[in-house]
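**Student:** If you scroll down you'll find the structure; I have some questions about it.
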Amino acid sequence: MSSDKTMIFSMECDEEKELKQTLTLIHDALVQKGYDPINQIVGYILTEDPTYITTHQNARNLIRHIDRDELLQVLVRSYLKK
């Protein structure tokens, strides 16, 4: 029995999950070192200066693998969801 419905495959969902996991690891590393993670991440987004992010738990290396434009798109999309 075949179905006439078309399945939609989206990589976007998986990419967003991976981005969220990475950002959560960075957030946790900043908290562990006593930083305000929101201020530090915003500082990085605005300047692309990796020194806003601690090297603890490899967080600085992790954030360098995140595309800032993609991150901003995900954040705005998430903020505007109702």
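Ordering of the structure tokens sets the chain letters (A, B, ...); residue numbers start at 1 within each chain; ligands are numbered from 1 in the order shown.
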Got a sec to tell me which of chain A DSSP assigns to helix (DSSP H, G or I), as a PDB file with C-alpha atoms, in the first residue's frame?
**Tutor:**
```
ATOM      1  CA  MET A  11      18.129  19.669   7.824  1.00  0.00           C
ATOM      2  CA  GLU A  12      17.336  22.999   9.452  1.00  0.00           C
ATOM      3  CA  CYS A  13      15.820  21.310  12.482  1.00  0.00           C
ATOM      4  CA  ASP A  14      18.888  19.121  13.019  1.00  0.00           C
ATOM      5  CA  GLU A  15      21.245  22.055  12.495  1.00  0.00           C
ATOM      6  CA  GLU A  16      19.308  24.127  15.005  1.00  0.00           C
ATOM      7  CA  LYS A  17      19.458  21.300  17.557  1.00  0.00           C
ATOM      8  CA  GLU A  18      23.229  21.019  17.093  1.00  0.00           C
ATOM      9  CA  LEU A  19      23.609  24.790  17.374  1.00  0.00           C
ATOM     10  CA  LYS A  20      21.540  24.808  20.571  1.00  0.00           C
ATOM     11  CA  GLN A  21      23.613  21.979  22.063  1.00  0.00           C
ATOM     12  CA  THR A  22      26.854  23.784  21.252  1.00  0.00           C
ATOM     13  CA  LEU A  23      25.588  27.098  22.606  1.00  0.00           C
ATOM     14  CA  THR A  24      24.436  25.333  25.781  1.00  0.00           C
ATOM     15  CA  LEU A  25      27.924  23.867  26.279  1.00  0.00           C
ATOM     16  CA  ILE A  26      29.433  27.337  25.826  1.00  0.00           C
ATOM     17  CA  HIS A  27      26.888  28.823  28.234  1.00  0.00           C
ATOM     18  CA  ASP A  28      27.674  26.180  30.862  1.00  0.00           C
ATOM     19  CA  ALA A  29      31.432  26.731  30.526  1.00  0.00           C
ATOM     20  CA  LEU A  30      30.968  30.473  31.031  1.00  0.00           C
ATOM     21  CA  VAL A  31      28.800  29.900  34.116  1.00  0.00           C
ATOM     22  CA  GLN A  32      31.372  27.472  35.547  1.00  0.00           C
ATOM     23  CA  PRO A  37      27.016  34.017  29.833  1.00  0.00           C
ATOM     24  CA  ILE A  38      24.477  36.272  28.121  1.00  0.00           C
ATOM     25  CA  ASN A  39      26.758  39.318  28.208  1.00  0.00           C
ATOM     26  CA  GLN A  40      29.754  37.304  27.040  1.00  0.00           C
ATOM     27  CA  ILE A  41      27.910  35.638  24.157  1.00  0.00           C
ATOM     28  CA  VAL A  42      26.377  38.941  23.049  1.00  0.00           C
ATOM     29  CA  GLY A  43      29.828  40.529  23.181  1.00  0.00           C
ATOM     30  CA  TYR A  44      31.144  37.778  20.946  1.00  0.00           C
ATOM     31  CA  ILE A  45      28.252  38.078  18.496  1.00  0.00           C
ATOM     32  CA  LEU A  46      28.698  41.842  18.200  1.00  0.00           C
ATOM     33  CA  THR A  47      32.476  41.861  17.830  1.00  0.00           C
ATOM     34  CA  PRO A  50      36.756  35.111  20.701  1.00  0.00           C
ATOM     35  CA  THR A  51      38.258  36.457  23.930  1.00  0.00           C
ATOM     36  CA  TYR A  52      34.702  37.047  25.161  1.00  0.00           C
ATOM     37  CA  HIS A  56      37.312  26.325  29.688  1.00  0.00           C
ATOM     38  CA  GLN A  57      35.680  23.130  28.373  1.00  0.00           C
ATOM     39  CA  ASN A  58      36.919  24.054  24.855  1.00  0.00           C
ATOM     40  CA  ALA A  59      34.173  26.711  24.642  1.00  0.00           C
ATOM     41  CA  ARG A  60      36.241  29.195  22.641  1.00  0.00           C
ATOM     42  CA  ASN A  61      37.014  26.609  20.006  1.00  0.00           C
ATOM     43  CA  LEU A  62      33.373  25.544  19.884  1.00  0.00           C
ATOM     44  CA  ILE A  63      32.083  29.068  19.273  1.00  0.00           C
ATOM     45  CA  ARG A  64      34.511  29.543  16.399  1.00  0.00           C
ATOM     46  CA  ARG A  68      27.321  34.179  13.470  1.00  0.00           C
ATOM     47  CA  ASP A  69      24.740  34.887  10.753  1.00  0.00           C
ATOM     48  CA  GLU A  70      23.195  31.464  11.253  1.00  0.00           C
ATOM     49  CA  LEU A  71      23.199  31.973  15.018  1.00  0.00           C
ATOM     50  CA  LEU A  72      21.423  35.319  14.703  1.00  0.00           C
ATOM     51  CA  GLN A  73      18.821  33.819  12.364  1.00  0.00           C
ATOM     52  CA  VAL A  74      18.105  30.995  14.795  1.00  0.00           C
ATOM     53  CA  LEU A  75      17.890  33.370  17.753  1.00  0.00           C
ATOM     54  CA  VAL A  76      15.514  35.783  15.997  1.00  0.00           C
ATOM     55  CA  ARG A  77      13.382  32.921  14.667  1.00  0.00           C
ATOM     56  CA  SER A  78      13.204  31.422  18.149  1.00  0.00           C
ATOM     57  CA  TYR A  79      12.362  34.762  19.752  1.00  0.00           C
ATOM     58  CA  LEU A  80       9.549  35.446  17.300  1.00  0.00           C
TER      59      LEU A  80
END
```
